[in-house]
$ cat my_file-v6.cif   # mmCIF, N, CA and C atoms
data_final
loop_
_atom_site.label_atom_id
_atom_site.label_comp_id
_atom_site.auth_asym_id
_atom_site.auth_seq_id
_atom_site.Cartn_x
_atom_site.Cartn_y
_atom_site.Cartn_z
N MET B 462 0.84 -1.17 0.00
CA MET B 462 0.00 0.00 0.00
C MET B 462 0.89 1.24 0.00
N ARG B 463 0.58 2.14 -0.89
CA ARG B 463 1.30 3.42 -0.94
C ARG B 463 0.60 4.42 -0.02
N ARG B 464 1.31 5.49 0.25
CA ARG B 464 0.72 6.53 1.11
C ARG B 464 -0.55 7.12 0.50
N SER B 465 -0.54 7.30 -0.81
CA SER B 465 -1.74 7.83 -1.48
C SER B 465 -2.91 6.86 -1.34
N GLU B 466 -2.63 5.56 -1.41
CA GLU B 466 -3.68 4.56 -1.23
C GLU B 466 -4.20 4.58 0.21
N PHE B 467 -3.29 4.78 1.17
CA PHE B 467 -3.69 4.89 2.57
C PHE B 467 -4.69 6.04 2.73
N HIS B 468 -4.33 7.21 2.22
CA HIS B 468 -5.20 8.37 2.40
C HIS B 468 -6.54 8.18 1.67
N ARG B 469 -6.51 7.55 0.51
CA ARG B 469 -7.74 7.27 -0.23
C ARG B 469 -8.62 6.29 0.57
N ALA B 470 -8.01 5.26 1.15
CA ALA B 470 -8.76 4.27 1.93
C ALA B 470 -9.38 4.91 3.17
N VAL B 471 -8.62 5.77 3.85
CA VAL B 471 -9.15 6.43 5.05
C VAL B 471 -10.33 7.33 4.67
N GLU B 472 -10.19 8.07 3.59
CA GLU B 472 -11.27 8.95 3.14
C GLU B 472 -12.52 8.14 2.77
N GLU B 473 -12.33 7.03 2.06
CA GLU B 473 -13.47 6.21 1.64
C GLU B 473 -14.16 5.57 2.84
N GLU B 474 -13.39 5.13 3.81
CA GLU B 474 -13.96 4.44 4.97
C GLU B 474 -14.57 5.39 5.99
N PHE B 475 -13.93 6.51 6.25
CA PHE B 475 -14.33 7.37 7.36
C PHE B 475 -14.91 8.72 6.94
N GLY B 476 -14.83 9.04 5.66
CA GLY B 476 -15.43 10.28 5.17
C GLY B 476 -14.89 11.53 5.83
N SER B 477 -15.80 12.37 6.30
CA SER B 477 -15.41 13.67 6.84
C SER B 477 -14.58 13.56 8.12
N ARG B 478 -14.61 12.42 8.77
CA ARG B 478 -13.81 12.23 10.00
C ARG B 478 -12.37 11.84 9.71
N SER B 479 -12.03 11.57 8.47
CA SER B 479 -10.73 10.99 8.13
C SER B 479 -9.55 11.84 8.59
N GLY B 480 -9.60 13.14 8.36
CA GLY B 480 -8.49 14.01 8.74
C GLY B 480 -8.25 14.00 10.25
N ALA B 481 -9.32 14.07 11.01
CA ALA B 481 -9.20 14.07 12.46
C ALA B 481 -8.68 12.73 12.97
N LEU B 482 -9.14 11.65 12.38
CA LEU B 482 -8.67 10.33 12.83
C LEU B 482 -7.18 10.16 12.59
N VAL B 483 -6.72 10.58 11.44
CA VAL B 483 -5.31 10.43 11.10
C VAL B 483 -4.43 11.30 11.99
N SER B 484 -4.88 12.50 12.30
CA SER B 484 -4.03 13.41 13.06
C SER B 484 -4.23 13.38 14.57
N ASP B 485 -5.39 12.89 15.04
CA ASP B 485 -5.69 12.98 16.47
C ASP B 485 -5.82 11.66 17.22
N LEU B 486 -6.26 10.61 16.55
CA LEU B 486 -6.50 9.34 17.23
C LEU B 486 -5.17 8.64 17.53
N VAL B 487 -4.91 8.39 18.80
CA VAL B 487 -3.69 7.70 19.22
C VAL B 487 -3.92 6.20 19.11
N LEU B 488 -3.02 5.52 18.40
CA LEU B 488 -3.14 4.09 18.13
C LEU B 488 -2.15 3.32 19.00
N THR B 489 -2.68 2.54 19.91
CA THR B 489 -1.86 1.75 20.82
C THR B 489 -0.94 0.81 20.05
N ALA B 490 -1.47 0.21 19.00
CA ALA B 490 -0.69 -0.76 18.22
C ALA B 490 0.53 -0.14 17.54
N LEU B 491 0.55 1.18 17.45
CA LEU B 491 1.67 1.88 16.81
C LEU B 491 2.52 2.63 17.84
N GLY B 492 2.54 2.13 19.06
CA GLY B 492 3.38 2.74 20.08
C GLY B 492 2.82 4.05 20.60
N ASP B 493 1.50 4.12 20.71
CA ASP B 493 0.83 5.33 21.19
C ASP B 493 1.14 6.55 20.33
N ARG B 494 1.08 6.34 19.03
CA ARG B 494 1.28 7.41 18.06
C ARG B 494 0.01 7.57 17.24
N THR B 495 -0.14 8.73 16.65
CA THR B 495 -1.24 8.90 15.69
C THR B 495 -0.80 8.28 14.37
N ALA B 496 -1.75 8.11 13.48
CA ALA B 496 -1.42 7.58 12.15
C ALA B 496 -0.45 8.51 11.44
N ALA B 497 -0.66 9.81 11.56
CA ALA B 497 0.22 10.79 10.91
C ALA B 497 1.64 10.69 11.46
N GLU B 498 1.78 10.58 12.77
CA GLU B 498 3.10 10.46 13.38
C GLU B 498 3.79 9.18 12.92
N ALA B 499 3.04 8.08 12.89
CA ALA B 499 3.62 6.80 12.47
C ALA B 499 4.10 6.86 11.03
N LEU B 500 3.29 7.44 10.16
CA LEU B 500 3.70 7.57 8.76
C LEU B 500 4.96 8.42 8.63
N ASP B 501 5.00 9.52 9.37
CA ASP B 501 6.17 10.41 9.32
C ASP B 501 7.43 9.72 9.83
N LEU B 502 7.27 8.74 10.72
CA LEU B 502 8.42 7.99 11.25
C LEU B 502 8.81 6.82 10.35
N GLY B 503 8.07 6.62 9.26
CA GLY B 503 8.43 5.58 8.31
C GLY B 503 7.71 4.26 8.48
N VAL B 504 6.70 4.22 9.33
CA VAL B 504 5.91 2.99 9.46
C VAL B 504 5.17 2.78 8.15
N ALA B 505 5.13 1.55 7.68
CA ALA B 505 4.48 1.23 6.41
C ALA B 505 3.00 1.63 6.43
N PRO B 506 2.54 2.28 5.36
CA PRO B 506 1.13 2.69 5.32
C PRO B 506 0.16 1.54 5.55
N ARG B 507 0.47 0.35 5.06
CA ARG B 507 -0.41 -0.80 5.27
C ARG B 507 -0.53 -1.13 6.76
N GLU B 508 0.57 -1.07 7.48
CA GLU B 508 0.56 -1.34 8.92
C GLU B 508 -0.27 -0.28 9.65
N VAL B 509 -0.13 0.96 9.24
CA VAL B 509 -0.91 2.05 9.84
C VAL B 509 -2.39 1.86 9.54
N TRP B 510 -2.71 1.52 8.30
CA TRP B 510 -4.10 1.27 7.90
C TRP B 510 -4.72 0.17 8.74
N LEU B 511 -4.01 -0.93 8.89
CA LEU B 511 -4.56 -2.05 9.65
C LEU B 511 -4.74 -1.70 11.13
N ALA B 512 -3.82 -0.93 11.70
CA ALA B 512 -3.95 -0.50 13.10
C ALA B 512 -5.15 0.43 13.25
N LEU B 513 -5.35 1.33 12.31
CA LEU B 513 -6.48 2.24 12.34
C LEU B 513 -7.80 1.46 12.22
N CYS B 514 -7.82 0.52 11.31
CA CYS B 514 -9.02 -0.32 11.14
C CYS B 514 -9.34 -1.10 12.41
N ALA B 515 -8.33 -1.68 13.03
CA ALA B 515 -8.54 -2.44 14.26
C ALA B 515 -9.09 -1.54 15.36
N GLU B 516 -8.52 -0.36 15.50
CA GLU B 516 -8.95 0.58 16.53
C GLU B 516 -10.39 1.04 16.32
N MET B 517 -10.78 1.18 15.07
CA MET B 517 -12.11 1.69 14.73
C MET B 517 -13.11 0.57 14.42
N ASP B 518 -12.72 -0.69 14.63
CA ASP B 518 -13.60 -1.85 14.41
C ASP B 518 -14.15 -1.94 12.99
N VAL B 519 -13.29 -1.65 12.02
CA VAL B 519 -13.67 -1.82 10.61
C VAL B 519 -13.69 -3.33 10.33
N PRO B 520 -14.78 -3.84 9.76
CA PRO B 520 -14.84 -5.27 9.47
C PRO B 520 -13.69 -5.71 8.55
N PRO B 521 -13.15 -6.89 8.81
CA PRO B 521 -12.03 -7.39 8.00
C PRO B 521 -12.30 -7.39 6.49
N ALA B 522 -13.52 -7.59 6.10
CA ALA B 522 -13.86 -7.62 4.67
C ALA B 522 -13.61 -6.28 3.98
N ARG B 523 -13.59 -5.18 4.75
CA ARG B 523 -13.37 -3.86 4.15
C ARG B 523 -11.94 -3.37 4.31
N ARG B 524 -11.07 -4.20 4.84
CA ARG B 524 -9.68 -3.78 5.06
C ARG B 524 -8.77 -4.12 3.89
N HIS B 525 -8.95 -5.24 3.28
CA HIS B 525 -8.05 -5.71 2.23
C HIS B 525 -8.31 -4.99 0.91
N GLY B 526 -7.27 -4.47 0.32
CA GLY B 526 -7.39 -3.83 -0.98
C GLY B 526 -7.96 -2.43 -0.95
N ALA B 527 -8.19 -1.92 0.23
CA ALA B 527 -8.77 -0.57 0.33
C ALA B 527 -7.82 0.47 -0.21
N GLY B 528 -8.38 1.48 -0.84
CA GLY B 528 -7.58 2.59 -1.36
C GLY B 528 -7.07 2.42 -2.76
N ARG B 529 -7.22 1.25 -3.31
CA ARG B 529 -6.74 1.02 -4.67
C ARG B 529 -7.73 1.57 -5.67
N LEU B 530 -7.21 2.12 -6.72
CA LEU B 530 -8.07 2.59 -7.80
C LEU B 530 -8.52 1.40 -8.63
N GLU B 531 -9.68 1.55 -9.24
CA GLU B 531 -10.16 0.50 -10.14
C GLU B 531 -9.22 0.43 -11.35
N PRO B 532 -8.92 -0.77 -11.83
CA PRO B 532 -8.02 -0.88 -12.99
C PRO B 532 -8.62 -0.20 -14.23
N ARG B 533 -7.74 0.37 -15.02
CA ARG B 533 -8.19 0.98 -16.28
C ARG B 533 -8.55 -0.11 -17.26
N ARG B 534 -9.54 0.18 -18.07
CA ARG B 534 -9.97 -0.83 -19.06
C ARG B 534 -9.85 -0.31 -20.45
#
$ encode --input "my_file-v6.cif" --output "structure tokens"
Amino acid sequence: MRRSEFHRAVEEEFGSRSGALVSDLVLTALGDRTAAEALDLGVAPREVWLALCAEMDVPPARRHGAGRLEPRR
């Protein structure tokens, strides 16, 4: 997962709350850091996405492949 895919997935899943969740929600699984702090420290976007999903109880079916654009045809 790229950083752009992470941000797209967060926006799709959480809508208008996405910015606040990324910058304000402290994630225990990431060493008590926010998603933004973890990304800035080099934590893989996929790891941050999964930690955010776990914290927010996103069903597993909506976690895999999130943020990817539809293939061009």
$ resolve_selection --input "my_file-v6.cif" --expression "the PyMOL selection byres (((chain B and resi 486-492 and name CA) around 10) and name CA)" --output "list of chain:residue names"
B:Gly480, B:Ala481, B:Leu482, B:Val483, B:Ser484, B:Asp485, B:Asp493, B:Arg494, B:Thr495, B:Ala496, B:Ala497, B:Glu498, B:Ala499, B:Val504, B:Glu508, B:Val509, B:Leu511, B:Ala512, B:Leu513, B:Ala515, B:Glu516, B:Met517
$ select_by_dssp --input "my_file-v6.cif" --residues "chain B" --states "alpha helix (DSSP H)" --output "PyMOL selection string"
chain B and resi 464-475+479-485+496-501+506-516
$ atom_distance --input "my_file-v6.cif" --atom1 "atom CA of Arg463 of chain B" --atom2 "atom N of Leu502 of chain B"
14.1 Å
$ atom_distance --input "my_file-v6.cif" --atom1 "atom N of Pro520 of chain B" --atom2 "atom C of Asp501 of chain B"
26.0 Å
$ atom_distance --input "my_file-v6.cif" --atom1 "atom CA of Val471 of chain B" --atom2 "atom CA of Cys514 of chain B"
9.1 Å
$ residues_near_point --input "my_file-v6.cif" --point "(-5.9, 4.3, 0.3)" --cutoff "6 Å" --atoms "only N, CA and C atoms" --output "list in words"
Ser465, Glu466, Phe467, His468, Arg469, Ala470, Val471, Ala527, Gly528 and Arg529 of chain B
$ select_by_dssp --input "my_file-v6.cif" --residues "chain B" --states "strand (DSSP E or B)" --output "compact mmCIF listing (two decimals) with N, CA and C atoms, in the coordinates of the input"
# COMPACT_ATOMS: atom_id res chain seq x y z
N VAL B 487 -4.91 8.39 18.80
CA VAL B 487 -3.69 7.70 19.22
C VAL B 487 -3.92 6.20 19.11
N LEU B 488 -3.02 5.52 18.40
CA LEU B 488 -3.14 4.09 18.13
C LEU B 488 -2.15 3.32 19.00
N ARG B 494 1.08 6.34 19.03
CA ARG B 494 1.28 7.41 18.06
C ARG B 494 0.01 7.57 17.24
N THR B 495 -0.14 8.73 16.65
CA THR B 495 -1.24 8.90 15.69
C THR B 495 -0.80 8.28 14.37
$ build_atoms --input "my_file-v6.cif" --residues "segment 513-524 of chain B" --atoms "all heavy atoms" --output "PDB file, keeping the file's coordinate frame"
ATOM      1  N   LEU B 513      -5.350   1.330  12.310  1.00  0.00           N
ATOM      2  CA  LEU B 513      -6.480   2.240  12.340  1.00  0.00           C
ATOM      3  C   LEU B 513      -7.800   1.460  12.220  1.00  0.00           C
ATOM      4  O   LEU B 513      -8.754   1.719  12.951  1.00  0.00           O
ATOM      5  CB  LEU B 513      -6.351   3.281  11.230  1.00  0.00           C
ATOM      6  CG  LEU B 513      -7.407   4.372  11.163  1.00  0.00           C
ATOM      7  CD1 LEU B 513      -7.444   5.183  12.444  1.00  0.00           C
ATOM      8  CD2 LEU B 513      -7.136   5.278   9.979  1.00  0.00           C
ATOM      9  N   CYS B 514      -7.820   0.520  11.310  1.00  0.00           N
ATOM     10  CA  CYS B 514      -9.020  -0.320  11.140  1.00  0.00           C
ATOM     11  C   CYS B 514      -9.340  -1.100  12.410  1.00  0.00           C
ATOM     12  O   CYS B 514     -10.500  -1.196  12.816  1.00  0.00           O
ATOM     13  CB  CYS B 514      -8.828  -1.293   9.981  1.00  0.00           C
ATOM     14  SG  CYS B 514      -8.894  -0.528   8.363  1.00  0.00           S
ATOM     15  N   ALA B 515      -8.330  -1.680  13.030  1.00  0.00           N
ATOM     16  CA  ALA B 515      -8.540  -2.440  14.260  1.00  0.00           C
ATOM     17  C   ALA B 515      -9.090  -1.540  15.360  1.00  0.00           C
ATOM     18  O   ALA B 515     -10.035  -1.900  16.071  1.00  0.00           O
ATOM     19  CB  ALA B 515      -7.244  -3.109  14.696  1.00  0.00           C
ATOM     20  N   GLU B 516      -8.520  -0.360  15.500  1.00  0.00           N
ATOM     21  CA  GLU B 516      -8.950   0.580  16.530  1.00  0.00           C
ATOM     22  C   GLU B 516     -10.390   1.040  16.320  1.00  0.00           C
ATOM     23  O   GLU B 516     -11.141   1.240  17.272  1.00  0.00           O
ATOM     24  CB  GLU B 516      -8.007   1.787  16.541  1.00  0.00           C
ATOM     25  CG  GLU B 516      -8.204   2.719  17.689  1.00  0.00           C
ATOM     26  CD  GLU B 516      -7.702   2.192  19.024  1.00  0.00           C
ATOM     27  OE1 GLU B 516      -6.743   1.392  19.029  1.00  0.00           O
ATOM     28  OE2 GLU B 516      -8.271   2.592  20.057  1.00  0.00           O
ATOM     29  N   MET B 517     -10.780   1.180  15.070  1.00  0.00           N
ATOM     30  CA  MET B 517     -12.110   1.690  14.730  1.00  0.00           C
ATOM     31  C   MET B 517     -13.110   0.570  14.420  1.00  0.00           C
ATOM     32  O   MET B 517     -14.228   0.833  13.983  1.00  0.00           O
ATOM     33  CB  MET B 517     -12.019   2.643  13.536  1.00  0.00           C
ATOM     34  CG  MET B 517     -11.212   3.900  13.819  1.00  0.00           C
ATOM     35  SD  MET B 517     -11.876   4.887  15.173  1.00  0.00           S
ATOM     36  CE  MET B 517     -13.446   5.402  14.474  1.00  0.00           C
ATOM     37  N   ASP B 518     -12.720  -0.690  14.630  1.00  0.00           N
ATOM     38  CA  ASP B 518     -13.600  -1.850  14.410  1.00  0.00           C
ATOM     39  C   ASP B 518     -14.150  -1.940  12.990  1.00  0.00           C
ATOM     40  O   ASP B 518     -15.313  -2.262  12.769  1.00  0.00           O
ATOM     41  CB  ASP B 518     -14.764  -1.853  15.409  1.00  0.00           C
ATOM     42  CG  ASP B 518     -14.308  -2.081  16.831  1.00  0.00           C
ATOM     43  OD1 ASP B 518     -13.376  -2.895  17.028  1.00  0.00           O
ATOM     44  OD2 ASP B 518     -14.860  -1.440  17.744  1.00  0.00           O
ATOM     45  N   VAL B 519     -13.290  -1.650  12.020  1.00  0.00           N
ATOM     46  CA  VAL B 519     -13.670  -1.820  10.610  1.00  0.00           C
ATOM     47  C   VAL B 519     -13.690  -3.330  10.330  1.00  0.00           C
ATOM     48  O   VAL B 519     -12.733  -4.029  10.651  1.00  0.00           O
ATOM     49  CB  VAL B 519     -12.663  -1.114   9.678  1.00  0.00           C
ATOM     50  CG1 VAL B 519     -12.957  -1.420   8.220  1.00  0.00           C
ATOM     51  CG2 VAL B 519     -12.676   0.386   9.936  1.00  0.00           C
ATOM     52  N   PRO B 520     -14.780  -3.840   9.760  1.00  0.00           N
ATOM     53  CA  PRO B 520     -14.840  -5.270   9.470  1.00  0.00           C
ATOM     54  C   PRO B 520     -13.690  -5.710   8.550  1.00  0.00           C
ATOM     55  O   PRO B 520     -13.322  -4.985   7.624  1.00  0.00           O
ATOM     56  CB  PRO B 520     -16.188  -5.429   8.755  1.00  0.00           C
ATOM     57  CG  PRO B 520     -16.986  -4.233   9.148  1.00  0.00           C
ATOM     58  CD  PRO B 520     -15.993  -3.129   9.357  1.00  0.00           C
ATOM     59  N   PRO B 521     -13.150  -6.890   8.810  1.00  0.00           N
ATOM     60  CA  PRO B 521     -12.030  -7.390   8.000  1.00  0.00           C
ATOM     61  C   PRO B 521     -12.300  -7.390   6.490  1.00  0.00           C
ATOM     62  O   PRO B 521     -11.390  -7.149   5.702  1.00  0.00           O
ATOM     63  CB  PRO B 521     -11.806  -8.811   8.513  1.00  0.00           C
ATOM     64  CG  PRO B 521     -12.275  -8.751   9.937  1.00  0.00           C
ATOM     65  CD  PRO B 521     -13.456  -7.801   9.917  1.00  0.00           C
ATOM     66  N   ALA B 522     -13.520  -7.590   6.100  1.00  0.00           N
ATOM     67  CA  ALA B 522     -13.860  -7.620   4.670  1.00  0.00           C
ATOM     68  C   ALA B 522     -13.610  -6.280   3.980  1.00  0.00           C
ATOM     69  O   ALA B 522     -13.434  -6.233   2.767  1.00  0.00           O
ATOM     70  CB  ALA B 522     -15.314  -8.026   4.481  1.00  0.00           C
ATOM     71  N   ARG B 523     -13.590  -5.180   4.750  1.00  0.00           N
ATOM     72  CA  ARG B 523     -13.370  -3.860   4.150  1.00  0.00           C
ATOM     73  C   ARG B 523     -11.940  -3.370   4.310  1.00  0.00           C
ATOM     74  O   ARG B 523     -11.613  -2.251   3.915  1.00  0.00           O
ATOM     75  CB  ARG B 523     -14.327  -2.843   4.781  1.00  0.00           C
ATOM     76  CG  ARG B 523     -15.776  -3.121   4.435  1.00  0.00           C
ATOM     77  CD  ARG B 523     -16.668  -1.912   4.531  1.00  0.00           C
ATOM     78  NE  ARG B 523     -16.523  -1.136   5.734  1.00  0.00           N
ATOM     79  CZ  ARG B 523     -17.409  -1.095   6.734  1.00  0.00           C
ATOM     80  NH1 ARG B 523     -18.496  -1.834   6.678  1.00  0.00           N
ATOM     81  NH2 ARG B 523     -17.205  -0.307   7.769  1.00  0.00           N
ATOM     82  N   ARG B 524     -11.070  -4.200   4.840  1.00  0.00           N
ATOM     83  CA  ARG B 524      -9.680  -3.780   5.060  1.00  0.00           C
ATOM     84  C   ARG B 524      -8.770  -4.120   3.890  1.00  0.00           C
ATOM     85  O   ARG B 524      -7.903  -3.348   3.532  1.00  0.00           O
ATOM     86  CB  ARG B 524      -9.116  -4.446   6.322  1.00  0.00           C
ATOM     87  CG  ARG B 524      -9.837  -4.035   7.567  1.00  0.00           C
ATOM     88  CD  ARG B 524      -9.286  -4.742   8.772  1.00  0.00           C
ATOM     89  NE  ARG B 524     -10.139  -4.534   9.927  1.00  0.00           N
ATOM     90  CZ  ARG B 524      -9.864  -4.965  11.121  1.00  0.00           C
ATOM     91  NH1 ARG B 524      -8.750  -5.633  11.362  1.00  0.00           N
ATOM     92  NH2 ARG B 524     -10.691  -4.736  12.122  1.00  0.00           N
TER      93      ARG B 524
END
